[in-house]
Structures are given as C-alpha cells and as structure tokens.
$ cat protein-v3.txt   # compact mmCIF, C-alpha atoms
# COMPACT_ATOMS: atom_id res chain seq x y z
CA MET A 161 74.48 71.12 87.08
CA ASN A 162 74.90 68.01 85.04
CA ASN A 163 77.82 65.67 85.26
CA SER A 164 76.98 63.48 82.30
CA LYS A 165 79.63 63.26 79.61
CA ASP A 166 76.82 62.92 77.09
CA ASP A 167 75.91 66.53 77.69
CA HIS A 168 79.33 67.78 76.68
CA THR A 169 79.27 69.55 73.31
CA HIS A 170 81.81 70.75 70.75
CA ASP A 171 82.20 73.93 72.92
CA ASP A 172 83.55 71.87 75.77
CA ILE A 173 87.14 71.89 76.90
CA GLY A 174 88.79 69.28 79.07
CA CYS A 175 89.37 69.53 82.80
CA LEU A 176 93.08 70.19 82.32
CA GLN A 177 92.35 73.16 80.02
CA ALA A 178 89.75 74.40 82.48
CA ILE A 179 92.25 74.14 85.34
CA GLU A 180 94.76 76.09 83.24
CA ALA A 181 92.24 78.94 83.04
CA PHE A 182 90.94 78.52 86.58
CA TYR A 183 92.63 81.29 88.49
CA SER A 184 92.68 83.74 85.59
CA TYR A 185 88.90 83.35 85.34
CA LEU A 186 88.23 83.55 89.07
CA ASP A 187 90.52 86.59 89.43
CA GLY A 188 88.75 88.37 86.55
CA GLU A 189 91.83 88.16 84.36
CA LEU A 190 90.50 86.00 81.54
CA GLU A 191 89.74 88.50 78.77
CA ASP A 192 89.15 86.51 75.61
CA PRO A 193 85.34 86.09 75.29
CA LYS A 194 85.76 82.69 73.62
CA SER A 195 87.93 81.42 76.50
CA ILE A 196 85.43 82.76 79.04
CA LYS A 197 82.56 81.04 77.24
CA GLU A 198 84.46 77.75 77.00
CA PHE A 199 85.43 77.86 80.66
CA GLU A 200 81.91 78.68 81.85
CA HIS A 201 80.43 75.99 79.65
CA HIS A 202 82.84 73.38 81.01
CA VAL A 203 82.27 74.35 84.64
CA SER A 204 78.50 74.27 84.19
CA HIS A 205 78.72 70.69 82.90
CA CYS A 206 81.54 69.22 84.98
CA ARG A 207 80.80 68.43 88.60
CA SER A 208 84.49 68.24 89.56
CA CYS A 209 85.39 71.62 88.10
CA TYR A 210 82.19 73.18 89.45
CA SER A 211 83.14 71.92 92.89
CA ARG A 212 86.73 73.16 92.53
CA ALA A 213 85.55 76.60 91.43
CA ASP A 214 83.08 76.79 94.30
CA VAL A 215 85.75 75.93 96.86
CA GLU A 216 88.33 78.24 95.27
CA ARG A 217 85.90 81.17 95.54
CA LEU A 218 85.24 80.34 99.18
CA LEU A 219 88.96 80.01 99.87
CA THR A 220 89.72 83.34 98.20
CA ASN A 221 87.03 85.10 100.23
CA ARG A 222 88.19 83.51 103.49
CA MET A 223 91.81 84.36 102.72
CA SER A 224 90.93 87.96 101.91
CA GLU A 225 88.99 88.34 105.18
CA SER A 226 91.72 86.73 107.29
CA ALA A 227 94.76 88.42 105.83
CA LYS A 228 93.63 92.03 105.89
CA SER A 229 95.84 94.05 108.21
CA SER A 230 95.39 97.55 109.54
CA ALA A 231 98.38 99.82 109.89
CA PRO A 232 98.98 100.37 113.63
CA GLU A 233 98.16 103.87 114.86
CA GLN A 234 101.79 104.54 115.72
CA LEU A 235 102.74 103.79 112.12
CA GLN A 236 99.96 106.01 110.80
CA ASP A 237 101.21 108.86 113.02
CA ARG A 238 104.79 108.23 111.94
CA LEU A 239 103.89 108.37 108.24
CA ARG A 240 101.81 111.52 108.63
CA LYS A 241 104.65 113.26 110.48
CA LEU A 242 107.03 112.09 107.78
CA MET A 243 104.82 113.45 105.01
CA ASP A 244 104.41 116.75 106.85
CA GLU A 245 108.17 117.20 106.55
CA PHE A 246 108.20 116.71 102.77
CA MET B 164 98.09 126.02 95.33
CA THR B 165 101.45 125.44 93.63
CA GLU B 166 102.18 122.42 91.49
CA GLN B 167 104.41 121.04 94.25
CA GLU B 168 101.61 121.42 96.79
CA HIS B 169 99.21 119.63 94.42
CA LEU B 170 101.74 116.82 94.07
CA LYS B 171 102.21 116.54 97.81
CA ALA B 172 98.44 116.47 98.39
CA PHE B 173 98.09 113.74 95.77
CA PHE B 174 100.95 111.75 97.34
CA SER B 175 99.55 112.06 100.87
CA GLN B 176 96.10 110.98 99.74
CA GLN B 177 97.50 107.93 97.94
CA ILE B 178 99.58 106.91 100.95
CA GLU B 179 96.59 107.33 103.27
CA GLN B 180 94.57 105.03 101.01
CA SER B 181 97.39 102.48 100.75
CA MET B 182 98.65 102.43 104.37
CA ASP B 183 96.85 99.26 105.40
CA ALA B 184 97.78 97.40 102.22
CA LEU B 185 101.41 98.49 102.43
CA TYR B 186 101.63 97.46 106.06
CA GLY B 187 99.87 94.13 105.40
CA THR B 188 102.26 93.31 102.58
CA ALA B 189 105.29 94.46 104.57
CA LEU B 190 104.19 92.30 107.48
CA ARG B 191 103.97 89.20 105.29
CA LEU B 192 107.34 89.96 103.74
CA ALA B 193 109.31 90.95 106.85
CA ASN B 194 107.56 88.60 109.25
CA SER B 195 107.94 91.13 112.06
CA GLY B 196 105.73 94.06 113.07
CA ALA B 197 108.66 96.35 113.89
CA ASP B 198 110.47 95.58 110.62
CA ALA B 199 107.20 96.01 108.70
CA GLU B 200 106.70 99.49 110.15
CA ASP B 201 110.29 100.48 109.30
CA LEU B 202 109.89 99.03 105.82
CA VAL B 203 106.72 101.03 105.15
CA ALA B 204 108.28 104.25 106.48
CA GLU B 205 111.36 103.72 104.32
CA THR B 206 109.11 103.00 101.34
CA VAL B 207 107.19 106.26 101.83
CA GLU B 208 110.43 108.27 102.05
CA LYS B 209 111.84 106.65 98.91
CA ALA B 210 108.56 107.00 97.06
CA TRP B 211 108.44 110.75 97.73
CA SER B 212 112.07 111.11 96.63
CA ALA B 213 111.26 109.23 93.42
CA ILE B 214 107.84 110.77 92.75
CA GLY B 215 109.18 112.24 89.50
CA SER B 216 109.52 108.70 88.12
CA LEU B 217 105.79 108.03 88.48
CA ALA B 218 104.78 108.22 84.83
CA GLU B 219 101.02 107.73 85.28
CA ARG B 220 99.20 108.77 88.43
CA ASN B 221 96.64 106.01 88.07
CA ARG B 222 99.54 103.53 88.41
CA PHE B 223 100.52 104.81 91.87
CA ARG B 224 99.57 101.60 93.68
CA PRO B 225 101.75 99.14 91.71
CA TRP B 226 104.51 101.78 91.60
CA VAL B 227 104.62 102.17 95.41
CA PHE B 228 104.37 98.40 95.94
CA ARG B 229 107.37 98.03 93.62
CA ILE B 230 109.33 100.42 95.87
CA LEU B 231 108.24 98.46 98.94
CA HIS B 232 109.35 95.20 97.36
CA ASN B 233 112.72 96.66 96.31
CA CYS B 234 113.31 98.04 99.83
CA PHE B 235 112.53 94.63 101.27
CA VAL B 236 114.88 92.82 98.89
CA SER B 237 117.67 95.33 99.55
CA ASN B 238 117.46 95.66 103.31
CA TYR B 239 115.19 93.13 104.97
CA ARG B 240 115.20 89.84 103.09
CA LYS B 241 118.28 88.50 104.87
CA ARG B 242 116.42 88.76 108.16
CA SER B 243 113.32 86.97 106.90
CA VAL B 244 113.22 83.28 107.80
CA ARG B 245 110.77 82.16 105.14
CA PRO B 246 111.90 80.16 102.11
CA THR B 247 112.65 82.52 99.23
CA GLU B 248 113.53 80.15 96.42
CA SER B 249 111.11 78.28 94.25
CA THR B 250 112.17 74.76 93.42
CA PHE B 251 110.24 74.93 90.16
CA GLU B 252 110.84 76.57 86.81
CA GLU B 253 108.25 79.35 86.76
CA ASP B 254 107.97 80.03 83.07
CA CYS B 255 107.68 76.49 81.81
CA GLU B 256 104.65 76.35 79.49
CA ASP B 257 103.39 73.00 80.66
CA GLN B 258 104.22 73.60 84.29
CA LEU B 259 100.69 73.07 85.57
CA THR B 260 100.51 69.71 83.85
CA SER B 261 103.83 68.73 85.40
CA LEU B 262 102.69 70.09 88.76
CA LEU B 263 99.56 67.96 88.64
CA ASN B 264 101.65 64.95 87.65
CA GLU B 265 103.76 65.51 90.75
CA GLN B 266 100.79 65.25 93.10
CA PRO B 267 99.68 62.05 94.80
CA ASP B 268 96.52 60.49 93.34
CA GLU B 269 94.80 60.84 96.71
CA PHE B 270 95.21 64.63 96.49
CA LEU B 271 93.93 64.79 92.91
CA ILE B 272 90.83 62.77 93.81
CA TRP B 273 90.17 65.06 96.77
CA TRP B 274 90.74 68.18 94.68
CA ALA B 275 88.14 66.96 92.20
CA ASN B 276 85.59 66.90 94.99
CA PRO B 277 86.91 68.66 98.07
CA GLU B 278 84.86 68.46 101.23
CA ARG B 279 82.83 71.63 101.22
CA GLN B 280 82.21 71.27 104.94
CA PHE B 281 85.95 71.34 105.61
CA PHE B 282 86.25 74.66 103.80
CA ASN B 283 83.17 76.01 105.55
CA ASP B 284 84.70 75.19 108.92
CA ILE B 285 88.32 75.98 108.25
CA LEU B 286 89.60 78.87 110.26
CA GLY B 287 91.29 81.88 108.77
CA GLU B 288 94.33 81.10 110.93
CA ALA B 289 94.64 77.68 109.32
CA ILE B 290 94.51 79.20 105.84
CA MET B 291 97.13 81.78 106.79
CA ALA B 292 99.33 79.04 108.28
CA ALA B 293 99.10 77.19 104.95
CA ILE B 294 100.00 80.40 103.07
CA ASP B 295 102.98 80.91 105.37
CA GLU B 296 104.32 77.54 104.23
CA LEU B 297 104.45 78.69 100.60
CA PRO B 298 107.73 79.92 99.12
CA ASP B 299 108.06 83.70 99.29
CA ALA B 300 107.42 84.31 95.58
CA TYR B 301 104.06 82.51 95.57
CA GLN B 302 102.96 83.93 98.89
CA THR B 303 103.67 87.53 97.87
CA THR B 304 101.94 87.15 94.51
CA ILE B 305 98.83 85.56 96.00
CA MET B 306 98.61 88.19 98.73
CA LEU B 307 98.97 91.12 96.32
CA ILE B 308 96.22 89.78 94.08
CA ASN B 309 93.78 87.96 96.35
CA VAL B 310 94.11 90.16 99.44
CA GLU B 311 95.24 93.61 98.28
CA GLY B 312 93.25 93.46 95.07
CA LEU B 313 95.97 94.25 92.53
CA THR B 314 95.41 93.07 88.98
CA TYR B 315 97.90 90.61 87.44
CA ASP B 316 99.35 93.50 85.46
CA GLU B 317 99.75 95.66 88.57
CA ALA B 318 101.27 92.79 90.56
CA ALA B 319 103.73 92.22 87.71
CA GLN B 320 104.77 95.88 87.88
CA ALA B 321 105.01 95.76 91.69
CA LEU B 322 107.22 92.66 91.62
CA GLY B 323 109.20 93.59 88.51
CA ILE B 324 108.32 90.39 86.68
CA PRO B 325 106.37 89.61 83.47
CA THR B 326 102.57 89.23 83.72
CA GLY B 327 102.95 85.65 82.45
CA THR B 328 105.07 84.85 85.47
CA VAL B 329 102.39 86.28 87.77
CA ARG B 330 99.85 84.05 86.04
CA SER B 331 102.15 81.05 86.51
CA ARG B 332 102.77 81.86 90.16
CA MET B 333 99.03 82.13 90.82
CA LYS B 334 98.35 78.72 89.26
CA ARG B 335 101.20 76.97 91.00
CA GLY B 336 100.88 78.83 94.29
CA ARG B 337 97.14 78.23 94.59
CA THR B 338 97.58 74.55 93.71
CA LEU B 339 100.28 74.22 96.39
CA LEU B 340 97.93 75.98 98.82
CA GLN B 341 95.22 73.45 98.01
CA LYS B 342 97.70 70.66 98.65
CA ALA B 343 98.61 72.12 102.05
CA LEU B 344 94.91 72.31 102.93
CA TRP B 345 94.40 68.76 101.74
CA LYS B 346 97.10 67.68 104.19
CA GLN B 347 95.24 69.51 106.94
CA ALA B 348 92.00 67.77 105.92
CA ARG B 349 93.76 64.42 105.88
CA ASP B 350 95.36 65.04 109.27
CA ALA B 351 91.95 66.06 110.61
CA GLY B 352 90.59 62.69 109.49
CA LEU B 353 88.40 64.08 106.71
CA LYS B 354 89.26 61.42 104.19
CA HIS B 355 87.47 61.75 100.89
CA ASP B 356 86.10 58.21 100.80
CA GLU B 357 84.55 58.58 104.24
CA GLN B 358 82.47 61.54 103.06
CA GLN B 359 80.57 59.63 100.37
$ encode --input "protein-v3.txt" --output "structure tokens"
Amino acid sequence: MNNSKDDHTHDDIGCLQAIEAFYSYLDGELEDPKSIKEFEHHVSHCRSCYSRADVERLLTNRMSESAKSSAPEQLQDRLRKLMDEF
Amino acid sequence: MTEQEHLKAFFSQQIEQSMDALYGTALRLANSGADAEDLVAETVEKAWSAIGSLAERNRFRPWVFRILHNCFVSNYRKRSVRPTESTFEEDCEDQLTSLLNEQPDEFLIWWANPERQFFNDILGEAIMAAIDELPDAYQTTIMLINVEGLTYDEAAQALGIPTGTVRSRMKRGRTLLQKALWKQARDAGLKHDEQQ
C-alpha cells in the first residue's frame, strides 16, 4: 500500500467519493465496473481509506457474529404446530 | 400431492429456513423476547393467509420480512422504547457530505486511521450496545443487511422503502455507528494521538 499522493493517477477518485461508495462496495452492492475499479484503485493508494475499509470489514464480521439469534425451541414448536394447522 | 400441499410444503420449508432470522429481527424491533415470539407467530399466520400475494417464490424472504415489519408497526411499535424518528433528511443527495461536516474534527481524524487494536479487542456486546443507540430505521436496515444477509433490494422490499433510501440509511447508519464506537474508544482512553 502506498500513501503517496504522487502515485495517484487519472483513475483516482477523492476520499469523499470513495466514502460515498464505501458501504455499497463492502456490501457487494456496487455494480458498475468503472465505479468498482475507481474505488479499488483509490483504496489501494490511500492509507486512510484502506484503513477505514479494513476496520469496516472487521466491524461487519464482528457485528454479524454477535447479533445472530436462534429462535427459542418453544417458538420453533409453536410455529410448527401453527403450520400443521394450516 | 395436490397444489395446495406443494404450497404448504414450500411455505413450511421457507419458514424453517427463516425462523432464526425472523426471530432475530423481531427481537431487535420489539426489544422483548416474549413480544418477539408473538410477533413472529403473528407474522407466520399472516404470511400463510397472504401467500397468494407472493408473486415470485424466490422473493419469499423479503416478502415475509415485509409482513414482519408491518405487523411490528401496526401492533408493537408503541411498546418499543427505542427512538423511531430520524432527525435527518434521508433522501438528501449530499447527505453524507453534510453528515461528515457535522462531525467533530477529532472523530474525522480518528476515522481516517482508527485504532485497529481497539476493533480487535472490542466485544460483540459493545458493538451491539452501540447499534442499540441508533435510531430504529438505521438499526433495522443495518441488521437486515449486515446480519441477516438481505441485499439492498430485498431490504427495500422488506421495509417498503426505495433502494436509494436503504443505501442512504446504510451510509448514515454505519457512520453514526463509527461515531458511537469512537466515543467508546475515547472514553476508554484510546486517543488517536497517543497511538502514534
């Protein structure tokens, strides 16, 4: 990873544009190939955005692990009985 | 097997696969285990009654989440104690720019180089506490996408809002979440300038 501004090219977008696309990209929702390429190019050259992306991925994974809930057995039984009556 | 029996088998299979996600979402919305169980049971009853309105079977998940959300809004929201109103205009084009302008410089500096160690050590409970502080609209959107794995399009269908609004909520909600975590880092004494 290089943080030098001198390495930025005409493909580069600014941090604000990268932040605009941040969550769409990380959530797999950025579809336009040009936008994906611009975002990836920026993040590979910008230490701040690389760091943000790294932490956002970690946060998403941690959140996903922590927030998963299992339906209690009594609810599972209740729903199955309910569906049996349909 | 009759067509009705096929439909019932399909419905039961989908509900079996979605039970945990429906309960998890109901729990976040209703903020009470007992209410969450009632909400899911009511959702399943209404979903079966309305199965004829399911236009595409591969859209079952957003369709049933939409029913869950509607049931919550109709019957449970009044009992929920979490904030439900956003203080921001959700569809404003330059909202992220304005959001960033609203943040203290100290936060923006930290966000440009957050302490990786803090995020490595942060407990799931702390993250969930920060999520609980978010207004209802942001919390629900983030949970549907980042925890239950719905796409933006599916979350939009489940919440009955445009996909653009989902995109806006994700940007603003995740930025607010970062800010809440920054406050935790600051309170824990992990100031940015002390990490250099």
$ residues_around --input "protein-v3.txt" --residues "A:Ser229" --least-positions-apart "5" --cutoff "10 Å" --atoms "all atoms listed in the file" --output "compact mmCIF listing (two decimals) with C-alpha atoms, keeping the file's coordinate frame"
# COMPACT_ATOMS: atom_id res chain seq x y z
CA MET B 182 98.65 102.43 104.37
CA ASP B 183 96.85 99.26 105.40
CA ALA B 184 97.78 97.40 102.22
CA LEU B 185 101.41 98.49 102.43
CA TYR B 186 101.63 97.46 106.06
CA GLY B 187 99.87 94.13 105.40
CA THR B 188 102.26 93.31 102.58
CA LEU B 190 104.19 92.30 107.48
CA ARG B 191 103.97 89.20 105.29
CA VAL B 310 94.11 90.16 99.44
CA GLU B 311 95.24 93.61 98.28
$ interface_residues --input "protein-v3.txt" --of "chain A" --to "chain B" --cutoff "6 Å" --atoms "all atoms listed in the file" --output "PyMOL selection string"
chain A and resi 208+211+224+226+229-231
$ atom_distance --input "protein-v3.txt" --atom1 "atom CA of A:Ile196" --atom2 "atom CA of A:Glu180"
12.2 Å
$ residues_around --input "protein-v3.txt" --residues "A:Val203" --least-positions-apart "4" --cutoff "9 Å" --atoms "all atoms listed in the file" --output "count of residues only"
11
$ atom_distance --input "protein-v3.txt" --atom1 "atom CA of B:Ala321" --atom2 "atom CA of B:Thr304"
9.6 Å
$ residues_around --input "protein-v3.txt" --residues "B:Asn221" --least-positions-apart "6" --cutoff "12 Å" --atoms "only C-alpha atoms" --output "NGL selection string"
:B and (173-174 or 177 or 227 or 317)
$ closest_residue --input "protein-v3.txt" --among "B:Phe223, B:Ala293, B:Asn233, B:Ala318" --to "B:Gln180" --atoms "all atoms listed in the file"
B:Phe223
$ atom_distance --input "protein-v3.txt" --atom1 "atom CA of B:Leu297" --atom2 "atom CA of B:Ala351"
20.4 Å
$ closest_residue --input "protein-v3.txt" --among "A:Ala181, A:Leu235, A:Leu176, A:Leu242" --to "A:Ser195" --atoms "all atoms listed in the file"
A:Ala181
$ residues_around --input "protein-v3.txt" --residues "A:Leu186" --least-positions-apart "3" --cutoff "8 Å" --atoms "only C-alpha atoms" --output "PDB file with C-alpha atoms, in the coordinates of the input"
ATOM      1  CA  PHE A 182      90.940  78.520  86.580  1.00  0.00           C
ATOM      2  CA  TYR A 183      92.630  81.290  88.490  1.00  0.00           C
ATOM      3  CA  GLU A 189      91.830  88.160  84.360  1.00  0.00           C
ATOM      4  CA  ALA A 213      85.550  76.600  91.430  1.00  0.00           C
ATOM      5  CA  ARG A 217      85.900  81.170  95.540  1.00  0.00           C
TER       6      ARG A 217
END
